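Presented below is the structure to which this report refers.
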Amino acid sequence: MARYEGLFDALGLREWCDADKTEAPMSMAQLLAQASGGSEEATGPVLPFPSLDTLNEACARIGQTRDLTEGIEQGFLAIRGQLKFVLDPLTQPLSWMLDGALWVFETAPWWFMMPLLILVSWFVSKSRGVTLFVAFVLFFFAAIDHYNVAMQTLAIVFVCTGLSVGFGVPIGIGMSKSDTAQRMIVPILDLLQTLPTFVYLIPLIFLFSVTESKLFGIAIILYAIVPVIRLTDLGIRLVDKDVIEAANAFGMTNRQKLVRVELPLALPNIMAGVNQTIMMSLAMVVIASLVSAPGLGVLVLRGIRNLELGVGIVAGLGIVLLAVILDRVSKAALARVDKQRNTH
Amino acid sequence: MTAKVSIRGLYKIFGPNDKAMVDKVRNGLTKPELLEQHQHVLGLEDINVEMQSGEITVIMGLSGSGKSTLIRHLNRLIDPTAGEILVDGQDVMQLGPSDLRELRRKMMSMVFQKFALLPHKTVLQNAEMPLSIQGREQSEMDREARKWLNRVGLDGFEDRFPSQLSGGMQQRVGIARALTANTDIMLMDEAFSALDPLIRTDMQNLLLELQKELHKTIIFITHDLDEALKLADHLVILKDGAVVQQGEPQHILLNPNDPYIEDFVSDINRARVLRVRSVMKPLAAEVKIDGDVDAKSNLEKIIALSGGDTTKSYRVVEDGQAIGLVEMVDLVRALVPRASGTK
Ligand SMILES: Nc1ncnc2c1ncn2[C@@H]1O[C@H](COP(=O)(O)OP(=O)(O)O)[C@@H](O)[C@H]1O
Ligand SMILES: [Mg+2]
């Protein structure tokens with residue numbers, strides 16, 4: 001029946017193959033063949049690729065592909081205990097921060113929260129147009145009874161962006177100081193950025209319970225931290241070599257150089273990174289609602305699950321509006337820094 | 001008199017295995033051979049220069065001759081492959097990191113070709129930078145920085161940002177910054193090369209004026225012979241990383257010892273650059289004197305005075321004392337590059 005039996009016979013491996021022959025679980029192809037009731041000989045290809053499953057048919061000693069995925073799963077489950085033991089306490093503060101921020105944003109009355117947010121956007125952007133737009137969007141959310149969910153989303157974005165910057169900037173600085181560190185970290189960043197977002201939810205679900213808010217917190221941070229790291233590294237590496245030389249020539253210590261020269265000169269790049277980080281955490285917040293993140297994403301999900309078209313679309317547009325105000329405010333802040341330096 | 005800064009037997013070779021290359025160079029391997037056979041770049045080769053206190057030492061050479069490399073050895077922005085650098089008799093190679101920082105803060109300041117100001121700080125903050133690194137009182141920094149900004153002619157620009165100033169003004173900030181550091185030694189790497197000719201002349205005059213007051217030890221780098229002759233008390237000419245001639249600038253002008261230097265000096269207006277002092281002879285009683293001239297006058301002035309009459313002779317006076325005699329015949333001869341060497 002299988003075509004590779006002759007091969008194992010010829011190699012004299014027949015005995016080894018049949019040594020402890022047991023009924024191996026059927027492969028997907030066998031199951032399908034059984035279900036359709038046809039005979040394999042008639043429908044199978046002339047020379048199938050010698051994949052694990054095909055070879056297993058000829059020689060039971062060779063594992064099936066299913067063993068591979070199961071091996072990974074078993075391996076992960078085996079170290080899960082230790083991993084959880086280490087990671088759980090380390091990440092616990094994240095849960096507290098997220099829960100705390102959510103609590104604050106939900107409990108603070110609207111007549112306190114809305115003016116506060118408008119004031120903050122004024123101080124960050126120093127632009128009347130941007131501030132007015134923020135005010136308009138907030139009133140719009142409140143008017144269509146989406147104020148609470150919007151605040152939940154905003155709370156999550158703030159916490160995750162804050163932590164991404166808090167960790168990302170130091171990592172970026174470390175990377176800019178050492179080519180070895182850069183060589184090691186860049187592939188990890190590439191991986192984080194290209195891995196489909198759903199995929200890194202999988203190990204997290206195994207590690208933490210779905211009811212804990214740190215689960216989606218970690219997912220969002222892992223995804224959103226990449227640009228701020230990259231742009232901090234780039235920004236510091238691009239600092240004018242002549243200015244660094246002057247800093248050295250006047251006897252600055254490394255710390256003084258970092259604080260007085262490198263970080264300020266890299267600031268426009270770092271802020272561009274922060275802007276991207278905000279946008280990416282907002283994008284991830286929707287996917288994170290799959291693992292119980294509250295906010296606008298939940299409504300989008302409801303729209304899909306229950307085919308409530310209107311609910312889904314309004315929530316989706318709400319996310320777009322949030323993205324636009326966050327983007328405008330952070331871009332206005334960036335432009336302000338740039339302008340101060342380059343006016344003529 | 002011991003020199004403020006002495007460079008002794010300095011070699012700099014760029015490459016991973018530079019120490020091993022020094023002996024090969026000492027044994028006569030040339031720059032192209034070193035690059036060809038060992039992939040190392042010969043930056044500096046056996047440099048010996050004494051820089052006197054209170055003088056302007058000018059290091060001149062074409063681009064790529066190693067001027068920037070040399071000046072960066074003085075404050076060890078570049079470490080030498082072999083040799084000694086003594087500042088006030090102290091070998092800077094012996095300094096640990098914190099002593100080296102002290103040296104850079106208290107002994108040497110630097111002015112850069114591309115200004116290298118902090119773009120996010122105001123003019124005043126830039127001028128305060130050397131003191132703020134040392135953690136001085138705000139009031140002291142303010143006073144010092146304003147004093148020097150005023151001295152270089154930047155009154156009223158304290159709150160501007162560097163990008164709002166012209167190149168010449170930015171370099172004035174660079175000079176004020178170096179002066180605020182209040183160091184004995186000032187390193188200037190092509191400080192005026194990026195400026196327009198007219199502004200450059202202004203800045204040279206400013207530097208000479210400041211120097212008359214402050215008597216700093218200035219090491220000035222340039223690729224421009226006119227600038228070198230105007231500023232130098234001591235001139236060092238660099239070619240492919242080696243010193244080809246050094247000494248009193250007028251002396252080098254009259255006695256170039258290398259075709260490379262002859263090329264350099266052939267293009268300049270000798271009548272304007274040479275001074276009477278460089279072409280005078282000892283006083284002789286029998287010569288008829290047509291008048292007195294100052295030792296520091298340039299030859300152009302004497303030619304004008306004589307009305308082109310080559311038979312005339314003048315007595316050379318300095319500080320009221322007669323110190324020599326200049327005959328128009330010698331003077332005219334000195335104007336021709338090759339003839340002057342026979343004097
Ligand atoms: N880090 C370096 N690595 C290799 N070669 C260098 C390095 N720095 C300078 N050089 C070489 O040393 C020579 C002198 O350079 P530099 O001191 O900048 O010249 P200058 O200032 O006179 O124009 C040049 O040939 C240059 O290519
Ligand atoms: Mg140079």
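Note on naming: chains are A, B, ... as they come in the structure tokens, residues start from 1 per chain, ligands start from 1 in the order shown.
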Exercise for review: Name each residue within 7 Å of ligand 1, counting only C-alpha atoms and all ligand atoms, as a ChimeraX atom specification.
Suggested key: /B:14-15,41-43,61-70,241
**Study point:** DSSP-assigned helix (DSSP H, G or I) members of stretch 17-177 of chain B, reported as a PyMOL selection string
**Key:** chain B and resi 18-26+31-38+67-74+92-94+97-106+123-133+138-151+162-164+167-177
Practice item. Pick out the chain A residues within 10 Å of chain B. Count only C-alpha atoms. Give them as a ChimeraX atom specification. Key: /A:240-253,256-257,260-261,264-265,337-338,340-344
Write the selection just made, keeping N, CA, C and O atoms, as a CSV table (one decimal), in the first residue's frame?
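Contents of the output file result20.csv:
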chain,number,residue,atom,x,y,z
A,240,ASP,N,24.6,63.7,15.6
A,240,ASP,CA,25.8,64.3,15.0
A,240,ASP,C,27.1,63.9,15.7
A,240,ASP,O,27.3,64.3,16.8
A,241,LYS,N,28.0,63.3,14.9
A,241,LYS,CA,29.3,62.8,15.5
A,241,LYS,C,30.1,64.0,16.0
A,241,LYS,O,30.8,63.9,17.0
A,242,ASP,N,30.0,65.2,15.3
A,242,ASP,CA,30.7,66.4,15.7
A,242,ASP,C,30.3,66.8,17.1
A,242,ASP,O,31.1,67.3,17.9
A,243,VAL,N,29.0,66.8,17.4
A,243,VAL,CA,28.5,67.2,18.7
A,243,VAL,C,28.9,66.3,19.8
A,243,VAL,O,29.3,66.7,20.9
A,244,ILE,N,28.9,65.0,19.5
A,244,ILE,CA,29.4,64.0,20.5
A,244,ILE,C,30.9,64.3,20.8
A,244,ILE,O,31.4,64.3,21.9
A,245,GLU,N,31.7,64.6,19.7
A,245,GLU,CA,33.1,64.9,19.9
A,245,GLU,C,33.3,66.1,20.8
A,245,GLU,O,34.1,66.1,21.7
A,246,ALA,N,32.4,67.2,20.5
A,246,ALA,CA,32.5,68.4,21.4
A,246,ALA,C,32.2,68.0,22.8
A,246,ALA,O,32.9,68.4,23.7
A,247,ALA,N,31.2,67.2,23.0
A,247,ALA,CA,30.8,66.8,24.4
A,247,ALA,C,32.0,66.1,25.1
A,247,ALA,O,32.4,66.3,26.2
A,248,ASN,N,32.7,65.2,24.3
A,248,ASN,CA,33.9,64.5,24.8
A,248,ASN,C,35.0,65.5,25.1
A,248,ASN,O,35.7,65.5,26.1
A,249,ALA,N,35.2,66.5,24.2
A,249,ALA,CA,36.3,67.4,24.3
A,249,ALA,C,36.2,68.3,25.5
A,249,ALA,O,37.2,68.8,26.0
A,250,PHE,N,34.9,68.6,25.9
A,250,PHE,CA,34.8,69.4,27.1
A,250,PHE,C,34.7,68.6,28.4
A,250,PHE,O,34.4,69.2,29.4
A,251,GLY,N,34.9,67.3,28.3
A,251,GLY,CA,35.0,66.5,29.5
A,251,GLY,C,33.7,66.0,30.0
A,251,GLY,O,33.6,65.8,31.2
A,252,MET,N,32.7,65.7,29.2
A,252,MET,CA,31.4,65.2,29.7
A,252,MET,C,31.6,63.7,30.1
A,252,MET,O,32.4,63.0,29.4
A,253,THR,N,31.0,63.3,31.2
A,253,THR,CA,30.9,61.9,31.5
A,253,THR,C,29.9,61.2,30.6
A,253,THR,O,29.1,61.9,29.9
A,256,GLN,N,26.5,62.2,31.4
A,256,GLN,CA,26.1,63.6,31.0
A,256,GLN,C,25.9,63.6,29.5
A,256,GLN,O,25.0,64.3,29.0
A,257,LYS,N,26.7,62.8,28.8
A,257,LYS,CA,26.5,62.8,27.3
A,257,LYS,C,25.1,62.3,27.0
A,257,LYS,O,24.5,62.8,26.1
A,260,ARG,N,22.4,65.0,28.4
A,260,ARG,CA,22.5,66.3,27.8
A,260,ARG,C,22.6,66.4,26.3
A,260,ARG,O,22.3,67.4,25.7
A,261,VAL,N,23.1,65.3,25.7
A,261,VAL,CA,23.3,65.4,24.3
A,261,VAL,C,22.5,64.4,23.5
A,261,VAL,O,21.6,64.7,22.7
A,264,PRO,N,18.4,64.2,24.1
A,264,PRO,CA,17.7,65.4,23.5
A,264,PRO,C,17.8,65.5,22.0
A,264,PRO,O,16.8,65.8,21.3
A,265,LEU,N,18.9,65.1,21.5
A,265,LEU,CA,19.1,65.1,20.0
A,265,LEU,C,18.3,64.0,19.3
A,265,LEU,O,17.9,64.1,18.2
A,337,VAL,N,8.5,70.2,19.1
A,337,VAL,CA,10.0,70.0,19.4
A,337,VAL,C,10.8,70.3,18.2
A,337,VAL,O,11.8,71.0,18.3
A,338,ASP,N,10.4,69.8,17.0
A,338,ASP,CA,11.2,70.0,15.8
A,338,ASP,C,11.3,71.5,15.5
A,338,ASP,O,12.3,72.0,15.1
A,340,GLN,N,11.0,74.2,17.4
A,340,GLN,CA,11.9,75.0,18.3
A,340,GLN,C,13.3,75.0,17.8
A,340,GLN,O,14.1,76.0,17.9
A,341,ARG,N,13.8,73.9,17.2
A,341,ARG,CA,15.2,73.7,16.8
A,341,ARG,C,15.5,74.3,15.5
A,341,ARG,O,16.6,74.7,15.2
A,342,ASN,N,14.5,74.2,14.6
A,342,ASN,CA,14.9,74.5,13.2
A,342,ASN,C,14.3,75.8,12.6
A,342,ASN,O,14.4,76.0,11.4
A,343,THR,N,13.8,76.7,13.5
A,343,THR,CA,13.3,77.9,13.0
A,343,THR,C,14.5,78.8,12.5
A,343,THR,O,15.6,78.7,13.0
A,344,HIS,N,14.2,79.6,11.5
A,344,HIS,CA,15.2,80.5,11.1
A,344,HIS,C,14.8,82.0,11.2
A,344,HIS,O,13.7,82.3,11.3
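Residues in contact with stretch 131-133 of chain A at up to 9 Å, not including ones fewer than 4 positions away on its chain and judged by only C-alpha atoms, are Ile118, Leu119, Val120, Ser121, Trp122, Ser125, Lys126, Ser127, Val137, Leu138, Ile325 and Val329 of chain A.
Every protein or nucleic acid residue with an atom no more than 12 Å from A:Leu317, counting only C-alpha atoms and leaving out same-chain residues fewer than 4 positions away, appears here: A:Val137, A:Phe140, A:Phe141, A:His146, A:Ala150, A:Leu296, A:Gly297, A:Leu299, A:Val300, A:Gly310, A:Val311, A:Gly312, A:Ile313, A:Leu321, A:Leu322, A:Ala323, A:Val324.
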Any chance you could export the current selection's C-alpha atoms as a CSV table (one decimal), in the first residue's frame?
chain,number,residue,atom,x,y,z
A,137,VAL,CA,-14.6,63.6,19.7
A,140,PHE,CA,-19.4,62.7,20.4
A,141,PHE,CA,-18.5,59.5,22.3
A,146,HIS,CA,-19.9,55.1,24.0
A,150,ALA,CA,-13.9,54.6,24.9
A,296,LEU,CA,-14.5,49.3,22.1
A,297,GLY,CA,-13.0,46.1,20.8
A,299,LEU,CA,-18.4,45.9,20.7
A,300,VAL,CA,-16.6,45.1,17.4
A,310,GLY,CA,-24.6,48.7,13.3
A,311,VAL,CA,-22.9,48.0,16.7
A,312,GLY,CA,-19.8,46.8,15.0
A,313,ILE,CA,-19.5,49.7,12.6
A,321,LEU,CA,-11.6,58.5,16.0
A,322,LEU,CA,-9.5,57.5,19.0
A,323,ALA,CA,-6.6,56.7,16.7
A,324,VAL,CA,-6.9,60.0,15.0
Check your understanding: With distances taken over only C-alpha atoms, which of A:Ile171, A:Glu70, A:Thr54, A:Phe216 is nearest to A:Thr197?
Key ->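 Between A:Ile171, A:Glu70, A:Thr54, A:Phe216, the residue approaching A:Thr197 most closely is A:Phe216.
The shell of residues at most 8 Å from stretch 266-270 of chain A, with only C-alpha atoms counted and near chain neighbours (fewer than 6 positions) removed, consists of Val169, Val228, Leu231, Thr232, Leu234, Gly235, Ile236, Leu238, Val239, Leu334, Val337 and Asp338 of chain A.
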Review point. Which of these, B:Thr2, B:Ser193, B:Gln250, B:Gln321, has the shortest distance to ligand 2 once you count only C-alpha atoms and all ligand atoms?
Key: B:Ser193
Practice item. For B:Asp319, list every protein, DNA or RNA residue within 10 Å, evaluated using only C-alpha atoms, and leave out those in the same chain fewer than 4 positions away; present the list as a ChimeraX atom specification. Key: /B:294-295,323
Could you write those residues out with C-alpha atoms, as a PDB file, in the first residue's frame?
ATOM      1  CA  ASP B 294      58.969  99.813  11.407  1.00  0.00           C
ATOM      2  CA  ALA B 295      60.232  96.234  11.723  1.00  0.00           C
ATOM      3  CA  ILE B 323      67.815  97.119  14.873  1.00  0.00           C
TER       4      ILE B 323
END
Exercise for review: Work out how far atom CA of A:Ser51 is from atom CA of A:Gln64, in Å to one decimal.
Suggested key: 8.7 Å
Practice item. Skip A:Val286 itself and residues of its chain fewer than 4 positions away, then list as a ChimeraX atom specification all residues within 12 Å of it, counting only C-alpha atoms. Key: /A:149-150,152-154,156-157,197-198,216,219-220,279-282,290-302,312,315-316,318-320
Exercise for review: Grab the atom CA of B:Asp155 to atom CA of B:Thr222 distance for me, in Å with one decimal place.
Suggested key: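 About the pair atom CA of B:Asp155 and atom CA of B:Thr222: they are 28.3 Å apart.
Atom to atom, atom CA of A:Met151 and atom CA of A:Ala224 stand 19.4 Å apart.
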Check your understanding: Given the choices B:Tyr314, B:Phe192, B:Trp148, B:Tyr260, which gets closest to ligand 2 if the distance is worked out from only C-alpha atoms and all ligand atoms?
Key ->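 Using only C-alpha atoms and all ligand atoms, ligand 2 sits closest to B:Phe192.
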